[in-house]
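**Q** This is the structure, below, for whatever I ask next.
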Amino acid sequence: MLSEEEMHKKLRATQKERRYFHTLGVVKEAVRLAPRYGVPVEKAKIAALLHDCAKNFDETRFNEIAAEYGVQLDEYAQKEPALVHAFLGAAVAYRDYGVTDREILDAIYYHTTARANMTNLEKLIYIADMIEPGRTIPQAEELRKMVEVDLDAALIYAIDCSIKHVIKKGRLIHPDSIYARNYLIERRDELGDK
């Protein structure tokens, strides 16, 4: 695996400045929240640092690039380019940055769609992406408060916000997002936290 310094250098060379500063914000939030939720700080740092490592790839070439990296895009990703960077990012993190830790790769892979039965690392990266200091939408402020109290409640709210955003744009919702939300709500209800 590349050193953290080498990762930063590579990201600075491949990401637009705004994207790189977003990435640094995600790292800051993930590292801050990791101890609270029993996530190894180093794993949170690497997953956050690389979560958007494929974000600035040419969207018109996503299918071609995915094939080069051996990534099979499902029917939703083929129709929704905004999803591809996460799926492709896990492969890029593995091949170009030398990350072999499955938990880190999964956190990158699911940081836009979420999924049922997420690990705390996956949850943190999903949420940190939405609450990093550069996010100024009103929902980010509410989410910042929620994540200090209850990770799963914050994740439900984050997924709700994401789904509403996708609906507002008239785009397809990836089924993994729905499965993730339903799983969390069923789990909450089973535990009696209605």
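Residues in the structure tokens are named by chain (A, B, ... in the order shown) and by number from 1 within that chain; ligands are numbered from 1 in the order shown.
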Pull the helix (DSSP H, G or I) assignments for range 8-77 of chain A out of DSSP run on the backbone, and list those residues as a count of residues only.

**A** 51

**Q** Need to verify the contact set: Glu75 in chain A, 12 Å, only C-alpha atoms, exclusion of same-chain residues closer than 3 positions in sequence. Can you return it as a list in words?

**A**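 Once the nearby chain positions are removed, what remains is Asn63, Gln72, Gln78, Lys79, Glu80, Pro81, Leu83, Val84, Leu172, Ile173, His174 and Pro175 of chain A.
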
**Q** Show me, as an MDAnalysis selection string, the residues that have an atom within 9 Å of Tyr179 in chain A when counting only C-alpha atoms, minus same-chain residues fewer than 5 positions from it.

**A** chainID A and resid 114:116 184

**Q** Work out how far CA of Ile46 in chain A is from CA of Ile65 in chain A, in Å to one decimal.

**A** 22.7 Å

**Q** For Tyr110 in chain A, which of A:Val149, A:Ile137, A:Ala47, A:Arg144 is the closest residue, counting only C-alpha atoms?

**A**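 The shortest atom-to-atom distance to Tyr110 in chain A comes from A:Ala47.
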
**Q** List the spatial neighbours of Lys164 in chain A as a PDB file with C-alpha atoms, in the first residue's frame - criterion: any atom at most 12 Å away, only C-alpha atoms, same-chain residues fewer than 6 positions off excluded.

**A**
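As written to disk, around.pdb reads:
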ATOM      1  CA  GLN A 139     -29.391  18.966   6.249  1.00  0.00           C
ATOM      2  CA  TYR A 157     -31.473  10.609   8.124  1.00  0.00           C
ATOM      3  CA  ALA A 158     -28.515  10.770   5.714  1.00  0.00           C
ATOM      4  CA  GLY A 170     -35.598  12.838 -11.216  1.00  0.00           C
ATOM      5  CA  ARG A 171     -32.894  10.165 -11.186  1.00  0.00           C
ATOM      6  CA  LEU A 172     -32.921   6.448 -10.368  1.00  0.00           C
ATOM      7  CA  ILE A 173     -32.508   5.321  -6.767  1.00  0.00           C
ATOM      8  CA  SER A 177     -30.012   2.606  -0.663  1.00  0.00           C
ATOM      9  CA  ILE A 178     -33.521   1.302  -0.084  1.00  0.00           C
TER      10      ILE A 178
END

**Q** For CA of Tyr183 in chain A and CA of Leu49 in chain A, quote the distance in Å rounded to one decimal.

**A**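 Distance reported for this atom pair: 27.4 Å.
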
**Q** Please compute the CA of Ile131 in chain A-CA of Ala86 in chain A distance, one decimal, in Å.

**A**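 Calculated distance between CA of Ile131 in chain A and CA of Ala86 in chain A is 17.6 Å.
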
**Q** Using only C-alpha atoms, find the one residue out of A:Lys45, A:Lys168, A:Arg36, A:Arg19 that sits nearest to Glu4 in chain A.

**A**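 The closest residue to Glu4 in chain A is A:Lys45.
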
**Q** Counting only C-alpha atoms, what is within 7 Å of Ala48 in chain A, bar same-chain residues fewer than 2 positions away, as a list of chain:residue names?

**A**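 Listing them by chain and then by number gives A:Thr23, A:Val26, A:Val27, A:Ala30, A:Ala44, A:Lys45, A:Ile46, A:Leu50, A:His51, A:Ile125.
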
**Q** Near Ala90 in chain A, within 6 Å and counting only C-alpha atoms, which residues show up once chain neighbours fewer than 2 positions away are dropped, as a JSON list (two decimals) with N, CA, C and O atoms, in the first residue's frame?

**A**
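Writing the result to around-v7.json gives the following:
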[["chain", "number", "residue", "atom", "x", "y", "z"],
["A", 87, "PHE", "N", -18.06, 2.67, -6.99],
["A", 87, "PHE", "CA", -17.76, 1.28, -7.37],
["A", 87, "PHE", "C", -16.37, 1.18, -8.00],
["A", 87, "PHE", "O", -15.59, 0.30, -7.68],
["A", 88, "LEU", "N", -16.08, 2.13, -8.87],
["A", 88, "LEU", "CA", -14.77, 2.17, -9.52],
["A", 88, "LEU", "C", -13.68, 2.55, -8.51],
["A", 88, "LEU", "O", -12.57, 2.04, -8.57],
["A", 92, "VAL", "N", -9.89, 1.19, -7.93],
["A", 92, "VAL", "CA", -8.73, 2.09, -8.07],
["A", 92, "VAL", "C", -7.91, 2.07, -6.77],
["A", 92, "VAL", "O", -6.68, 2.02, -6.82],
["A", 93, "ALA", "N", -8.58, 2.10, -5.63],
["A", 93, "ALA", "CA", -7.87, 2.05, -4.35],
["A", 93, "ALA", "C", -7.05, 0.77, -4.24],
["A", 93, "ALA", "O", -5.91, 0.78, -3.76],
["A", 105, "LEU", "N", -12.03, -1.10, 1.43],
["A", 105, "LEU", "CA", -12.54, -1.14, 0.06],
["A", 105, "LEU", "C", -14.07, -1.11, 0.04],
["A", 105, "LEU", "O", -14.68, -0.42, -0.80],
["A", 108, "ILE", "N", -15.38, 2.41, 0.70],
["A", 108, "ILE", "CA", -15.30, 3.22, -0.52],
["A", 108, "ILE", "C", -16.43, 2.82, -1.48],
["A", 108, "ILE", "O", -17.14, 3.67, -2.01],
["A", 109, "TYR", "N", -16.61, 1.53, -1.66],
["A", 109, "TYR", "CA", -17.58, 1.00, -2.62],
["A", 109, "TYR", "C", -19.01, 1.45, -2.30],
["A", 109, "TYR", "O", -19.78, 1.77, -3.19]]

**Q** Can you list every residue of range 144-177 of chain A that has an atom at most 12 Å from range 186-190 of chain A, with its nearest atom pair and the distance in Å to one decimal, using only C-alpha atoms, ordered by chain then number, as a tab-separated table?

**A**
residue	atom	partner	partner_atom	distance
A:Asp150	CA	A:Arg188	CA	11.4
A:Leu151	CA	A:Arg188	CA	11.7
A:Asp152	CA	A:Arg188	CA	8.4
A:Ala153	CA	A:Arg188	CA	8.6
A:Leu155	CA	A:Arg188	CA	11.8
A:Ile156	CA	A:Arg188	CA	10.1

**Q** For the selection just defined, write its residues with N, CA, C and O atoms to a file, as a PDB file, in the first residue's frame.

**A**
ATOM      1  N   ASP A 150     -26.219   9.337  17.802  1.00  0.00           N
ATOM      2  CA  ASP A 150     -26.672   8.009  17.374  1.00  0.00           C
ATOM      3  C   ASP A 150     -26.286   7.787  15.911  1.00  0.00           C
ATOM      4  O   ASP A 150     -26.845   8.419  15.021  1.00  0.00           O
ATOM      5  N   LEU A 151     -25.351   6.892  15.699  1.00  0.00           N
ATOM      6  CA  LEU A 151     -24.837   6.647  14.352  1.00  0.00           C
ATOM      7  C   LEU A 151     -25.919   6.119  13.418  1.00  0.00           C
ATOM      8  O   LEU A 151     -26.045   6.576  12.275  1.00  0.00           O
ATOM      9  N   ASP A 152     -26.725   5.173  13.874  1.00  0.00           N
ATOM     10  CA  ASP A 152     -27.744   4.597  12.999  1.00  0.00           C
ATOM     11  C   ASP A 152     -28.861   5.590  12.686  1.00  0.00           C
ATOM     12  O   ASP A 152     -29.335   5.657  11.553  1.00  0.00           O
ATOM     13  N   ALA A 153     -29.278   6.375  13.668  1.00  0.00           N
ATOM     14  CA  ALA A 153     -30.297   7.396  13.410  1.00  0.00           C
ATOM     15  C   ALA A 153     -29.764   8.420  12.409  1.00  0.00           C
ATOM     16  O   ALA A 153     -30.487   8.861  11.505  1.00  0.00           O
ATOM     17  N   LEU A 155     -27.522   7.824  10.157  1.00  0.00           N
ATOM     18  CA  LEU A 155     -27.439   7.175   8.851  1.00  0.00           C
ATOM     19  C   LEU A 155     -28.804   7.113   8.175  1.00  0.00           C
ATOM     20  O   LEU A 155     -28.910   7.367   6.974  1.00  0.00           O
ATOM     21  N   ILE A 156     -29.851   6.812   8.932  1.00  0.00           N
ATOM     22  CA  ILE A 156     -31.203   6.812   8.350  1.00  0.00           C
ATOM     23  C   ILE A 156     -31.509   8.198   7.784  1.00  0.00           C
ATOM     24  O   ILE A 156     -31.988   8.331   6.658  1.00  0.00           O
TER      25      ILE A 156
END

**Q** Taking into account only C-alpha atoms, which residue in the set A:Glu148, A:Asp160, A:Asp52, A:Glu103 is nearest to Arg32 in chain A?

**A**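 Using only C-alpha atoms, Arg32 in chain A sits closest to A:Glu148.
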
**Q** Between A:Leu143, A:Val39, A:Leu24, A:Ile163, which residue has the minimum interatomic distance to Thr113 in chain A, considering only C-alpha atoms?

**A** A:Ile163

**Q** Which is closer to Ala13 in chain A than all the others in A:Pro40, A:Lys169, A:Ile185, A:Asn56, using only C-alpha atoms?

**A** A:Asn56

**Q** With distances taken over only C-alpha atoms, which of A:Thr100, A:Thr14, A:Ser162, A:Thr60 is nearest to Leu2 in chain A?

**A**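 Distance minimum relative to Leu2 in chain A lands on A:Thr100.
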